[in-house]
>>> print(open('input-v4.cif').read())   # mmCIF, C-alpha atoms and all ligand atoms
data_my_file
#
loop_
_atom_site.label_atom_id
_atom_site.label_comp_id
_atom_site.auth_asym_id
_atom_site.auth_seq_id
_atom_site.Cartn_x
_atom_site.Cartn_y
_atom_site.Cartn_z
CA MET A 24 -65.55 -97.70 122.07
CA LYS A 25 -65.04 -95.71 125.28
CA ASN A 26 -67.34 -92.80 125.91
CA THR A 27 -64.90 -90.67 127.87
CA GLN A 28 -64.55 -87.00 126.99
CA MET A 29 -61.40 -86.25 125.00
CA LYS A 30 -59.51 -82.95 125.34
CA ASN A 31 -59.50 -80.32 122.57
CA ASN A 32 -56.19 -81.51 121.09
CA ALA A 33 -57.27 -85.13 120.90
CA VAL A 34 -60.54 -84.29 119.14
CA ALA A 35 -58.70 -81.96 116.75
CA ALA A 36 -56.19 -84.72 115.94
CA LEU A 37 -59.02 -87.11 115.10
CA THR A 38 -60.73 -84.50 112.91
CA ASP A 39 -57.47 -83.78 111.11
CA LYS A 40 -56.91 -87.44 110.40
CA PHE A 41 -60.38 -88.68 109.49
CA VAL A 42 -62.76 -85.84 108.62
CA ALA A 43 -62.97 -84.29 105.15
CA LYS A 44 -61.02 -81.06 105.02
CA THR A 45 -63.92 -78.79 104.08
CA TYR A 46 -63.75 -76.50 107.13
CA ALA A 47 -61.02 -74.26 108.54
CA ARG A 48 -61.84 -75.13 112.13
CA THR A 49 -61.10 -73.17 115.28
CA PRO A 50 -58.89 -75.47 117.43
CA ILE A 51 -61.46 -76.20 120.13
CA ALA A 52 -64.16 -78.86 120.50
CA LEU A 53 -67.38 -77.62 122.09
CA VAL A 54 -68.92 -80.20 124.37
CA LYS A 55 -71.60 -78.53 126.46
CA GLY A 56 -73.95 -75.57 126.16
CA ARG A 57 -76.51 -73.76 128.31
CA GLY A 58 -78.25 -70.60 127.17
CA THR A 59 -75.62 -68.23 125.73
CA LYS A 60 -72.72 -70.17 127.26
CA VAL A 61 -70.72 -73.07 125.85
CA TRP A 62 -67.77 -75.04 127.19
CA ASP A 63 -64.93 -76.68 125.31
CA ALA A 64 -63.43 -80.11 125.94
CA ASN A 65 -60.79 -78.59 128.24
CA GLY A 66 -63.48 -77.03 130.41
CA LYS A 67 -63.04 -73.44 129.20
CA GLU A 68 -66.21 -71.33 129.13
CA TYR A 69 -67.24 -69.08 126.22
CA LEU A 70 -70.01 -66.63 125.51
CA ASP A 71 -71.54 -67.83 122.27
CA PHE A 72 -72.46 -64.89 120.04
CA LEU A 73 -72.52 -67.14 116.97
CA ALA A 74 -75.06 -69.73 118.20
CA GLY A 75 -74.21 -72.39 115.61
CA ILE A 76 -74.44 -69.60 112.99
CA ALA A 77 -77.94 -68.36 113.80
CA VAL A 78 -79.26 -71.79 114.75
CA ASN A 79 -79.58 -71.90 118.55
CA SER A 80 -81.95 -68.96 118.76
CA LEU A 81 -83.47 -70.06 122.09
CA GLY A 82 -79.98 -70.63 123.51
CA HIS A 83 -78.18 -73.92 123.97
CA CYS A 84 -80.18 -76.84 125.35
CA ASN A 85 -83.30 -74.76 125.85
CA PRO A 86 -85.46 -76.80 128.29
CA ALA A 87 -88.63 -76.55 126.15
CA ILE A 88 -86.78 -77.85 123.08
CA VAL A 89 -85.02 -80.61 125.01
CA LYS A 90 -88.34 -81.68 126.53
CA ALA A 91 -90.10 -81.77 123.15
CA ILE A 92 -87.25 -83.81 121.63
CA LYS A 93 -87.18 -86.26 124.55
CA GLN A 94 -90.94 -86.79 124.47
CA GLN A 95 -91.03 -87.38 120.72
CA ALA A 96 -87.91 -89.56 120.78
CA GLN A 97 -89.58 -91.87 123.29
CA GLN A 98 -92.67 -92.06 121.12
CA LEU A 99 -91.38 -92.36 117.54
CA LEU A 100 -88.04 -91.36 115.98
CA HIS A 101 -88.74 -91.68 112.30
CA VAL A 102 -91.34 -92.72 109.77
CA SER A 103 -91.51 -92.31 106.04
CA ASN A 104 -93.36 -89.46 104.39
CA LEU A 105 -95.51 -92.19 102.89
CA TYR A 106 -97.45 -91.70 106.14
CA HIS A 107 -98.83 -88.67 107.91
CA VAL A 108 -96.56 -87.23 110.60
CA GLN A 109 -98.41 -85.31 113.29
CA THR A 110 -95.63 -82.95 114.41
CA GLN A 111 -94.88 -82.14 110.74
CA SER A 112 -98.52 -81.32 109.99
CA GLU A 113 -98.76 -79.18 113.12
CA LEU A 114 -95.57 -77.30 112.33
CA ALA A 115 -96.81 -76.65 108.78
CA ARG A 116 -100.04 -75.25 110.24
CA GLU A 117 -98.14 -72.95 112.62
CA LEU A 118 -95.78 -71.68 109.92
CA CYS A 119 -98.69 -70.99 107.56
CA ARG A 120 -100.78 -69.41 110.32
CA HIS A 121 -98.02 -66.91 111.02
CA SER A 122 -96.84 -66.17 107.48
CA PHE A 123 -98.05 -65.40 103.95
CA ALA A 124 -97.93 -69.12 103.07
CA ASP A 125 -100.53 -71.83 102.62
CA ARG A 126 -98.32 -74.93 102.41
CA ALA A 127 -94.92 -76.13 103.57
CA PHE A 128 -92.51 -78.72 102.21
CA PHE A 129 -90.01 -79.99 104.78
CA CYS A 130 -86.38 -80.95 104.23
CA ASN A 131 -83.19 -80.94 106.29
CA SER A 132 -81.15 -77.84 105.45
CA GLY A 133 -81.12 -74.40 103.88
CA ALA A 134 -79.64 -75.62 100.62
CA GLU A 135 -82.35 -78.26 100.35
CA ALA A 136 -85.04 -75.68 101.09
CA ASN A 137 -83.69 -73.54 98.26
CA GLU A 138 -83.46 -76.58 95.96
CA ALA A 139 -87.14 -77.18 96.66
CA ALA A 140 -87.92 -73.51 95.89
CA ILE A 141 -85.97 -73.69 92.63
CA LYS A 142 -87.68 -76.91 91.60
CA LEU A 143 -91.12 -75.54 92.49
CA ALA A 144 -90.44 -72.37 90.49
CA ARG A 145 -89.42 -74.48 87.48
CA ARG A 146 -92.55 -76.64 87.72
CA TYR A 147 -94.65 -73.49 88.03
CA GLY A 148 -92.87 -72.00 85.02
CA LEU A 149 -93.59 -75.10 83.01
CA GLU A 150 -97.24 -75.31 83.99
CA LYS A 151 -98.25 -71.69 84.19
CA ARG A 152 -95.66 -69.52 82.46
CA GLY A 153 -95.08 -71.18 79.12
CA GLY A 154 -91.91 -73.02 80.11
CA ARG A 155 -89.98 -70.18 81.74
CA TYR A 156 -87.23 -71.50 84.00
CA GLU A 157 -84.60 -68.86 84.72
CA ILE A 158 -84.02 -67.56 88.23
CA ILE A 159 -82.38 -64.21 88.88
CA SER A 160 -80.52 -63.83 92.16
CA THR A 161 -77.96 -61.29 93.31
CA HIS A 162 -74.21 -60.73 93.47
CA ASN A 163 -72.75 -61.49 96.88
CA SER A 164 -75.70 -63.76 97.79
CA PHE A 165 -75.45 -67.15 99.47
CA HIS A 166 -78.05 -69.85 98.89
CA GLY A 167 -76.27 -73.11 99.68
CA ARG A 168 -73.70 -75.64 98.49
CA THR A 169 -75.65 -78.04 96.29
CA LEU A 170 -75.03 -77.59 92.58
CA ALA A 171 -78.26 -75.70 91.87
CA THR A 172 -77.98 -73.48 94.95
CA LEU A 173 -74.33 -72.81 94.04
CA ALA A 174 -75.53 -71.75 90.60
CA ALA A 175 -77.88 -69.31 92.36
CA THR A 176 -75.15 -68.08 94.73
CA GLY A 177 -73.50 -64.88 93.60
CA GLN A 178 -70.00 -65.48 94.98
CA GLU A 179 -67.25 -66.66 92.64
CA LYS A 180 -65.04 -67.97 95.44
CA ILE A 181 -67.77 -70.39 96.52
CA ARG A 182 -68.67 -71.51 93.01
CA ALA A 183 -65.09 -71.99 91.84
CA GLY A 184 -64.13 -75.50 90.76
CA TYR A 185 -67.59 -76.92 90.21
CA ASP A 186 -68.30 -76.16 86.59
CA PRO A 187 -70.44 -76.94 84.76
CA LEU A 188 -73.09 -75.66 87.14
CA PRO A 189 -76.76 -76.13 86.21
CA ALA A 190 -77.98 -73.61 83.62
CA GLY A 191 -80.86 -71.21 84.14
CA PHE A 192 -79.42 -68.84 86.74
CA ARG A 193 -78.07 -65.32 86.56
CA GLN A 194 -77.03 -62.69 89.08
CA VAL A 195 -77.29 -58.92 89.23
CA ALA A 196 -76.23 -56.32 91.81
CA TYR A 197 -78.07 -56.38 95.15
CA ASN A 198 -80.23 -53.39 96.07
CA ASP A 199 -80.20 -52.31 92.39
CA LEU A 200 -83.73 -52.33 91.05
CA GLY A 201 -82.71 -51.11 87.60
CA ALA A 202 -80.27 -54.00 87.22
CA MET A 203 -82.96 -56.48 88.27
CA GLU A 204 -85.46 -55.04 85.81
CA ALA A 205 -82.94 -55.06 82.97
CA ALA A 206 -82.08 -58.72 83.63
CA ILE A 207 -85.64 -60.00 83.26
CA ASP A 208 -86.13 -61.98 80.09
CA GLU A 209 -89.83 -62.24 79.18
CA LYS A 210 -89.28 -65.65 77.61
CA LYS A 211 -87.02 -67.17 80.24
CA THR A 212 -87.32 -65.60 83.69
CA VAL A 213 -89.65 -67.32 86.13
CA ALA A 214 -88.49 -66.05 89.53
CA ILE A 215 -86.39 -63.60 91.54
CA LEU A 216 -84.52 -65.06 94.51
CA VAL A 217 -83.31 -62.63 97.18
CA GLU A 218 -82.18 -62.61 100.83
CA PRO A 219 -83.85 -59.78 102.82
CA ILE A 220 -80.44 -59.43 104.46
CA GLN A 221 -77.37 -60.87 102.74
CA ALA A 222 -76.00 -62.67 105.75
CA GLU A 223 -72.96 -64.64 104.57
CA GLY A 224 -72.29 -61.78 102.17
CA GLY A 225 -71.44 -59.47 105.11
CA VAL A 226 -74.78 -58.56 106.74
CA ILE A 227 -76.03 -56.25 104.01
CA VAL A 228 -79.63 -55.15 104.51
CA ALA A 229 -81.99 -54.73 101.55
CA ASN A 230 -83.49 -51.28 101.31
CA GLU A 231 -87.24 -50.87 101.45
CA ILE A 232 -87.59 -49.30 98.02
CA TYR A 233 -85.73 -52.23 96.52
CA MET A 234 -87.93 -54.80 98.24
CA LEU A 235 -91.13 -52.98 97.23
CA GLY A 236 -89.72 -52.58 93.74
CA ILE A 237 -88.91 -56.24 93.17
CA ARG A 238 -92.38 -57.20 94.43
CA GLU A 239 -93.90 -54.79 91.93
CA LEU A 240 -91.67 -56.10 89.15
CA CYS A 241 -92.75 -59.67 89.91
CA ASP A 242 -96.42 -58.65 89.90
CA GLN A 243 -96.10 -56.75 86.61
CA ARG A 244 -94.10 -59.43 84.81
CA GLY A 245 -95.76 -62.54 86.24
CA LEU A 246 -92.69 -63.69 88.15
CA LEU A 247 -92.42 -65.49 91.46
CA LEU A 248 -90.69 -63.72 94.32
CA ILE A 249 -88.63 -66.08 96.47
CA PHE A 250 -87.18 -64.88 99.76
CA ASP A 251 -84.32 -66.92 101.18
CA GLU A 252 -84.95 -66.51 104.92
CA VAL A 253 -82.73 -69.39 105.95
CA GLN A 254 -80.72 -67.01 108.15
CA THR A 255 -83.14 -64.10 108.63
CA GLY A 256 -86.22 -66.19 109.46
CA MET A 257 -87.51 -67.44 112.81
CA GLY A 258 -87.24 -64.18 114.71
CA ARG A 259 -83.60 -63.36 114.00
CA THR A 260 -84.38 -59.82 112.81
CA GLY A 261 -86.89 -59.01 115.57
CA LYS A 262 -89.88 -60.07 113.47
CA LEU A 263 -90.86 -63.66 112.86
CA PHE A 264 -89.77 -63.36 109.22
CA GLY A 265 -87.43 -60.75 107.76
CA TYR A 266 -89.86 -59.79 104.98
CA GLU A 267 -92.24 -58.33 107.58
CA HIS A 268 -89.92 -55.32 107.94
CA PHE A 269 -90.48 -54.30 104.35
CA GLY A 270 -94.23 -54.45 103.84
CA VAL A 271 -93.94 -57.04 101.06
CA LYS A 272 -94.79 -60.71 100.90
CA PRO A 273 -93.03 -63.33 98.79
CA ASP A 274 -94.65 -66.14 96.85
CA ILE A 275 -92.14 -68.65 98.18
CA MET A 276 -89.93 -68.51 101.28
CA THR A 277 -87.19 -70.81 102.50
CA LEU A 278 -86.28 -71.51 106.12
CA ALA A 279 -83.75 -73.67 107.95
CA LYS A 280 -81.11 -72.88 110.62
CA ALA A 281 -83.16 -71.84 113.70
CA LEU A 282 -86.29 -73.67 112.51
CA GLY A 283 -85.37 -76.97 114.18
CA GLY A 284 -83.98 -75.46 117.38
CA GLY A 285 -80.65 -77.21 116.79
CA LEU A 286 -81.89 -80.27 114.91
CA PRO A 287 -81.58 -80.40 111.10
CA LEU A 288 -84.78 -79.00 109.60
CA GLY A 289 -85.51 -76.90 106.53
CA ALA A 290 -88.77 -75.76 104.98
CA MET A 291 -90.00 -74.28 101.73
CA LEU A 292 -93.24 -72.35 102.13
CA ALA A 293 -95.48 -71.20 99.30
CA ARG A 294 -98.88 -69.78 98.66
CA GLU A 295 -101.51 -72.20 97.41
CA GLU A 296 -101.53 -71.38 93.69
CA VAL A 297 -97.76 -71.81 93.52
CA ALA A 298 -97.53 -74.79 95.89
CA ASN A 299 -100.00 -76.64 93.68
CA SER A 300 -97.31 -77.08 91.04
CA PHE A 301 -95.91 -79.82 93.29
CA GLY A 302 -97.96 -82.99 93.20
CA PRO A 303 -97.31 -86.52 94.49
CA GLY A 304 -93.89 -87.72 93.32
CA SER A 305 -92.65 -84.32 92.17
CA HIS A 306 -90.26 -83.84 95.11
CA ALA A 307 -89.32 -85.73 98.26
CA SER A 308 -86.90 -86.17 101.15
CA THR A 309 -86.52 -89.26 103.35
CA PHE A 310 -85.80 -87.32 106.52
CA GLY A 311 -87.62 -84.10 105.64
CA GLY A 312 -90.14 -83.24 108.33
CA ASN A 313 -88.83 -85.94 110.67
CA PRO A 314 -91.08 -86.30 113.75
CA VAL A 315 -88.35 -85.33 116.23
CA SER A 316 -87.04 -82.32 114.25
CA CYS A 317 -90.60 -81.07 113.83
CA ALA A 318 -91.34 -81.52 117.55
CA ALA A 319 -88.33 -79.28 118.20
CA GLY A 320 -89.59 -76.87 115.52
CA LEU A 321 -92.96 -76.65 117.25
CA ALA A 322 -91.20 -75.74 120.51
CA VAL A 323 -89.28 -73.00 118.66
CA MET A 324 -92.45 -71.62 117.04
CA ASN A 325 -94.25 -71.72 120.35
CA ALA A 326 -91.53 -69.72 122.06
CA LEU A 327 -91.45 -67.19 119.22
CA VAL A 328 -95.17 -66.54 118.97
CA LYS A 329 -96.09 -66.85 122.64
CA GLY A 330 -93.02 -65.70 124.55
CA GLY A 331 -91.40 -62.28 124.66
CA LEU A 332 -88.55 -63.41 122.45
CA LEU A 333 -89.12 -61.06 119.53
CA LYS A 334 -89.33 -58.09 121.89
CA ASN A 335 -86.11 -59.16 123.58
CA CYS A 336 -84.47 -59.54 120.17
CA VAL A 337 -85.39 -55.97 119.20
CA GLN A 338 -84.38 -54.48 122.56
CA MET A 339 -81.13 -56.41 122.87
CA GLY A 340 -80.32 -55.70 119.22
CA LYS A 341 -80.60 -51.96 119.88
CA TYR A 342 -78.60 -52.24 123.09
CA PHE A 343 -75.86 -54.20 121.34
CA VAL A 344 -75.65 -51.75 118.43
CA LYS A 345 -75.43 -48.84 120.88
CA GLY A 346 -72.47 -50.50 122.57
CA LEU A 347 -70.84 -51.21 119.21
CA GLU A 348 -71.36 -47.59 118.11
CA ALA A 349 -69.53 -46.50 121.27
CA LEU A 350 -66.62 -48.78 120.30
CA LYS A 351 -66.68 -47.36 116.77
CA LYS A 352 -65.99 -43.91 118.19
CA ARG A 353 -62.88 -45.23 119.93
CA PHE A 354 -61.55 -47.62 117.30
CA PRO A 355 -61.13 -46.23 113.79
CA CYS A 356 -60.74 -49.76 112.36
CA ILE A 357 -64.54 -50.09 112.72
CA ARG A 358 -66.06 -48.73 109.53
CA GLN A 359 -69.73 -49.55 109.77
CA ILE A 360 -72.26 -51.33 111.97
CA ARG A 361 -75.35 -52.75 110.29
CA GLY A 362 -78.11 -55.30 110.65
CA LYS A 363 -81.56 -55.78 112.14
CA GLY A 364 -82.53 -57.26 115.49
CA LEU A 365 -79.83 -59.75 116.45
CA ILE A 366 -78.12 -60.22 113.12
CA ILE A 367 -75.40 -57.63 113.34
CA GLY A 368 -72.36 -57.06 111.14
CA VAL A 369 -69.38 -54.92 112.11
CA GLU A 370 -67.35 -54.02 109.07
CA LEU A 371 -63.68 -53.44 109.79
CA ASP A 372 -60.88 -52.04 107.68
CA ILE A 373 -58.67 -54.90 108.86
CA GLU A 374 -58.87 -58.65 108.51
CA GLY A 375 -61.78 -59.89 110.64
CA SER A 376 -60.63 -63.48 111.28
CA LYS A 377 -57.70 -62.23 113.42
CA ILE A 378 -60.15 -60.38 115.65
CA ALA A 379 -62.54 -63.35 115.82
CA ASP A 380 -59.63 -65.65 116.82
CA ALA A 381 -58.46 -63.23 119.50
CA CYS A 382 -62.04 -62.93 120.86
CA MET A 383 -62.22 -66.72 121.02
CA GLN A 384 -59.02 -66.77 123.10
CA GLU A 385 -60.69 -64.31 125.46
CA GLY A 386 -63.87 -66.39 125.71
CA LEU A 387 -66.18 -64.88 123.09
CA LEU A 388 -67.34 -66.79 120.02
CA LEU A 389 -68.26 -64.94 116.82
CA ASN A 390 -67.14 -65.30 113.24
CA CYS A 391 -65.90 -63.29 110.33
CA THR A 392 -67.70 -63.23 107.02
CA ALA A 393 -66.89 -61.44 103.75
CA ALA A 394 -63.24 -61.12 104.97
CA LYS A 395 -63.71 -57.98 107.04
CA VAL A 396 -67.12 -58.28 108.67
CA LEU A 397 -67.54 -59.56 112.22
CA ARG A 398 -70.89 -61.33 112.42
CA PHE A 399 -72.92 -61.49 115.63
CA VAL A 400 -75.95 -63.80 115.67
CA PRO A 401 -76.36 -64.65 119.38
CA PRO A 402 -79.32 -66.46 120.93
CA LEU A 403 -82.45 -64.27 120.93
CA THR A 404 -82.61 -64.94 124.67
CA ILE A 405 -79.43 -62.94 125.29
CA THR A 406 -79.30 -60.52 128.25
CA LYS A 407 -77.80 -57.03 128.71
CA LYS A 408 -75.24 -58.49 131.09
CA GLU A 409 -74.06 -60.97 128.47
CA ILE A 410 -73.88 -58.24 125.82
CA ASP A 411 -71.83 -56.07 128.21
CA ARG A 412 -69.44 -58.94 128.78
CA GLY A 413 -69.10 -59.62 125.07
CA LEU A 414 -68.52 -55.93 124.31
CA ALA A 415 -65.84 -55.77 127.01
CA ILE A 416 -64.00 -58.68 125.38
CA LEU A 417 -64.26 -57.12 121.94
CA GLU A 418 -63.00 -53.82 123.34
CA LYS A 419 -60.00 -55.53 124.96
CA VAL A 420 -59.17 -57.32 121.71
CA LEU A 421 -59.48 -54.18 119.56
CA ALA A 422 -57.33 -52.24 122.04
CA SER A 423 -54.58 -54.85 121.77
CA GLN A 424 -54.31 -54.63 117.95
C1 LIG B 501 -79.28 -67.28 103.36
C2 LIG B 501 -78.80 -68.69 103.36
N1 LIG B 501 -79.32 -69.56 102.49
C3 LIG B 501 -78.94 -70.84 102.47
C4 LIG B 501 -77.98 -71.31 103.33
C5 LIG B 501 -77.56 -72.74 103.29
O1 LIG B 501 -78.02 -73.42 104.41
P1 LIG B 501 -77.44 -74.87 104.81
O2 LIG B 501 -76.03 -74.67 105.23
O3 LIG B 501 -78.34 -75.31 105.92
O4 LIG B 501 -77.57 -75.72 103.59
C6 LIG B 501 -77.41 -70.45 104.26
C7 LIG B 501 -76.36 -70.91 105.18
O5 LIG B 501 -75.60 -70.17 105.73
C8 LIG B 501 -77.83 -69.09 104.28
O6 LIG B 501 -77.32 -68.21 105.14
#
>>> encode(input="input-v4.cif", output="structure tokens", more="lines below")
Ligand SMILES: Cc1ncc(COP(=O)(O)O)c(C=O)c1O
Amino acid sequence: MKNTQMKNNAVAALTDKFVAKTYARTPIALVKGRGTKVWDANGKEYLDFLAGIAVNSLGHCNPAIVKAIKQQAQQLLHVSNLYHVQTQSELARELCRHSFADRAFFCNSGAEANEAAIKLARRYGLEKRGGRYEIISTHNSFHGRTLATLAATGQEKIRAGYDPLPAGFRQVAYNDLGAMEAAIDEKKTVAILVEPIQAEGGVIVANEIYMLGIRELCDQRGLLLIFDEVQTGMGRTGKLFGYEHFGVKPDIMTLAKALGGGLPLGAMLAREEVANSFGPGSHASTFGGNPVSCAAGLAVMNALVKGGLLKNCVQMGKYFVKGLEALKKRFPCIRQIRGKGLIIGVELDIEGSKIADACMQEGLLLNCTAAKVLRFVPPLTITKKEIDRGLAILEKVLASQ
């Protein structure tokens, strides 16, 4: 097989012929990235304000991540979890040191992290809560595409066609404490599963009273509180973990996306008493906590806790929102701007995918979620200059509608 670079059309033709049709893909193939910039197979440059959907938080091909991957790849690519894996143990220590948690289970994706959380909650329910198993999540949530995480996901369009889904899940309105309280069944409910910001659901931020309230409910009723921080974790909101904004701690938290710096890596973190419901043989993953992914994860953690990344995220987030607010004054199709740090949603009163496509043509990558919400999740390393350039493209596109 030749290793020459194909053009966009040729790659797209191959995808169309041989790849499962699960994605509505933009008709470009990205082949190179540096920082906030990416290039397609035809050599066109883009500003990437999507960053692999909140994955490349240190920017594309960050030198510290590349170095860590190279070093580990030369040493050892993979070993079974039947053995100790140094980078995995070190990453677990760092995650626990900087969070509420005492232990971490590693996997490869957000859905798998949530599967692990669901399974741990069920084990805990069996051992410590008289066999309770039900998990309450929220309408409009997104927790993954496996059958159990679909059952937890509160979006009909994503669940459609996969019945029967596993039993033991129910959903209530987000940010509605009364609805959550009313849904708790003393005999069945074992846990509440919530995203601090509903990301795929259109960047909807939990309010503080709600977060404090569900923590209190869990404490009063003996339930576990699970935060799905797959998208909001690892500095995306300006704090290392989204829950830190609300003054509450979960019992279990799930991470993925930015955790591996671009390599597949997920984690389920829990405090000791809860984590102890998993013993040898109760859960596993062949690739979970792979030496190379965890080496990359350590580089990400290092940059987040030692560098000025969180500060940049907060400052650039504010700067970006200010620019978007200025556009809102000029373009009535913008209804609302919301988010925290560098997860920002711009709700429109028109179809968002048209705007995202037009931005792509102009050299700016973003995506549309929940039909009318433009989602911006750029690298946390982004600069004012790059934000200005992105805003100018968005302005041009909105003006041409
Ligand atoms: C909050 C949340 N949970 C879970 C997932 C699923 O993650 P993955 O696609 O890695 O399985 C996502 C993905 O977008 C997410 O945003």
>>> closest_atom_pairs(input="input-v4.cif", of="chain A", to="ligand LIG 501 (chain B)", cutoff="7 Å", atoms="all atoms listed in the file", output="Markdown table")
| residue | atom | partner | partner_atom | distance |
| --- | --- | --- | --- | --- |
| A:Ser132 | CA | B:LIG501 | O3 | 3.8 |
| A:Gly133 | CA | B:LIG501 | O1 | 3.3 |
| A:Ala134 | CA | B:LIG501 | O4 | 3.6 |
| A:Glu135 | CA | B:LIG501 | O4 | 6.3 |
| A:Asn137 | CA | B:LIG501 | C3 | 6.9 |
| A:Phe165 | CA | B:LIG501 | C2 | 5.4 |
| A:His166 | CA | B:LIG501 | C3 | 3.8 |
| A:Gly167 | CA | B:LIG501 | C5 | 3.9 |
| A:Arg168 | CA | B:LIG501 | O4 | 6.4 |
| A:Glu218 | CA | B:LIG501 | C1 | 6.1 |
| A:Gln221 | CA | B:LIG501 | C1 | 6.7 |
| A:Ala222 | CA | B:LIG501 | O6 | 5.7 |
| A:Glu223 | CA | B:LIG501 | O6 | 5.7 |
| A:Asp251 | CA | B:LIG501 | C1 | 5.5 |
| A:Glu252 | CA | B:LIG501 | C1 | 5.9 |
| A:Val253 | CA | B:LIG501 | C2 | 4.8 |
| A:Gln254 | CA | B:LIG501 | O6 | 4.7 |
| A:Ala279 | CA | B:LIG501 | O3 | 6.0 |
| A:Lys280 | CA | B:LIG501 | O3 | 6.0 |
>>> closest_residue(input="input-v4.cif", among="A:Ala64, A:Ile181, A:Ile416, A:Met324", to="Ser164 of chain A", atoms="only C-alpha atoms")
A:Ile181
>>> atom_distance(input="input-v4.cif", atom1="atom CA of Ile373 of chain A", atom2="atom CA of Leu397 of chain A")
10.6 Å
>>> closest_residue(input="input-v4.cif", among="A:Val195, A:Leu263, A:Ala229, A:Leu143", to="Ala307 of chain A", atoms="all atoms listed in the file")
A:Leu143
>>> atom_distance(input="input-v4.cif", atom1="atom CA of Gln98 of chain A", atom2="atom CA of Gly311 of chain A")
18.1 Å
>>> closest_residue(input="input-v4.cif", among="A:Ala36, A:Leu173, A:Val369, A:Leu53", to="Asp71 of chain A", atoms="only C-alpha atoms")
A:Leu53
>>> residues_around(input="input-v4.cif", residues="Lys351 of chain A", least_positions_apart="5", cutoff="12 Å", atoms="all atoms listed in the file", output="list in words")
Val344, Lys345, Gly346, Cys356, Ile357, Arg358, Gln359, Ile360, Val369, Glu370, Leu371, Asp372, Leu414, Leu417, Glu418, Leu421 and Ala422 of chain A
>>> closest_residue(input="input-v4.cif", among="A:Lys44, A:Arg244, A:His83, A:Arg361", to="Gly58 of chain A", atoms="all atoms listed in the file")
A:His83
>>> residues_around(input="input-v4.cif", residues="segment 282-288 of chain A", least_positions_apart="5", cutoff="9 Å", atoms="all atoms listed in the file", output="PyMOL selection string")
chain A and resi 75+78-85+88+129-133+253+256-257+310-313+315-324
>>> atom_distance(input="input-v4.cif", atom1="atom CA of Ala77 of chain A", atom2="atom CA of Ser112 of chain A")
24.6 Å
>>> residues_around(input="input-v4.cif", residues="Val228 of chain A", least_positions_apart="3", cutoff="12 Å", atoms="only C-alpha atoms", output="ChimeraX atom specification")
/A:164,197-198,217-225,231-234,255,260,265-266,268-269,360-364,366-368
>>> residues_near_point(input="input-v4.cif", point="(-86.2, -66.5, 119.1)", cutoff="8 Å", atoms="all atoms listed in the file", output="MDAnalysis selection string")
chainID A and resid 80:81 257:259 323 326:327 332:333 336 402:404
>>> write_last_selection(input="input-v4.cif", atoms="C-alpha atoms", output="PDB file, in the coordinates of the input")
ATOM      1  CA  SER A  80     -81.950 -68.960 118.760  1.00  0.00           C
ATOM      2  CA  LEU A  81     -83.470 -70.060 122.090  1.00  0.00           C
ATOM      3  CA  MET A 257     -87.510 -67.440 112.810  1.00  0.00           C
ATOM      4  CA  GLY A 258     -87.240 -64.180 114.710  1.00  0.00           C
ATOM      5  CA  ARG A 259     -83.600 -63.360 114.000  1.00  0.00           C
ATOM      6  CA  VAL A 323     -89.280 -73.000 118.660  1.00  0.00           C
ATOM      7  CA  ALA A 326     -91.530 -69.720 122.060  1.00  0.00           C
ATOM      8  CA  LEU A 327     -91.450 -67.190 119.220  1.00  0.00           C
ATOM      9  CA  LEU A 332     -88.550 -63.410 122.450  1.00  0.00           C
ATOM     10  CA  LEU A 333     -89.120 -61.060 119.530  1.00  0.00           C
ATOM     11  CA  CYS A 336     -84.470 -59.540 120.170  1.00  0.00           C
ATOM     12  CA  PRO A 402     -79.320 -66.460 120.930  1.00  0.00           C
ATOM     13  CA  LEU A 403     -82.450 -64.270 120.930  1.00  0.00           C
ATOM     14  CA  THR A 404     -82.610 -64.940 124.670  1.00  0.00           C
TER      15      THR A 404
END
>>> closest_residue(input="input-v4.cif", among="A:Asn299, A:Val226, A:Gly261, A:Ala293", to="Ala393 of chain A", atoms="all atoms listed in the file")
A:Val226
>>> closest_residue(input="input-v4.cif", among="A:Tyr342, A:Phe301, A:His306, A:Val337", to="Leu149 of chain A", atoms="only C-alpha atoms")
A:Phe301
>>> residues_around(input="input-v4.cif", residues="Arg412 of chain A", least_positions_apart="6", cutoff="12 Å", atoms="all atoms listed in the file", output="list in words")
Thr59, Lys60, Tyr69, Leu70, Asp71, Phe72, Phe343, Gly346, Cys382, Glu385, Gly386, Leu387, Leu388, Ile405, Thr406, Glu418 and Lys419 of chain A
>>> decode(input="input-v4.cif", residues="segment 293-297 of chain A", atoms="N, CA and C atoms", output="short mmCIF file (atom, residue, chain, number, x, y, z; two decimals), in the first residue's frame")
data_model
loop_
_atom_site.label_atom_id
_atom_site.label_comp_id
_atom_site.auth_asym_id
_atom_site.auth_seq_id
_atom_site.Cartn_x
_atom_site.Cartn_y
_atom_site.Cartn_z
N ALA A 293 -13.66 7.30 41.93
CA ALA A 293 -14.62 7.17 43.03
C ALA A 293 -13.92 7.32 44.36
N ARG A 294 -14.72 7.67 45.37
CA ARG A 294 -14.11 7.69 46.69
C ARG A 294 -14.05 6.27 47.24
N GLU A 295 -13.15 6.09 48.21
CA GLU A 295 -12.76 4.74 48.65
C GLU A 295 -13.94 3.82 48.97
N GLU A 296 -14.85 4.30 49.80
CA GLU A 296 -15.93 3.43 50.27
C GLU A 296 -16.75 2.89 49.10
N VAL A 297 -16.90 3.73 48.07
CA VAL A 297 -17.68 3.33 46.90
C VAL A 297 -16.83 2.44 45.99
#
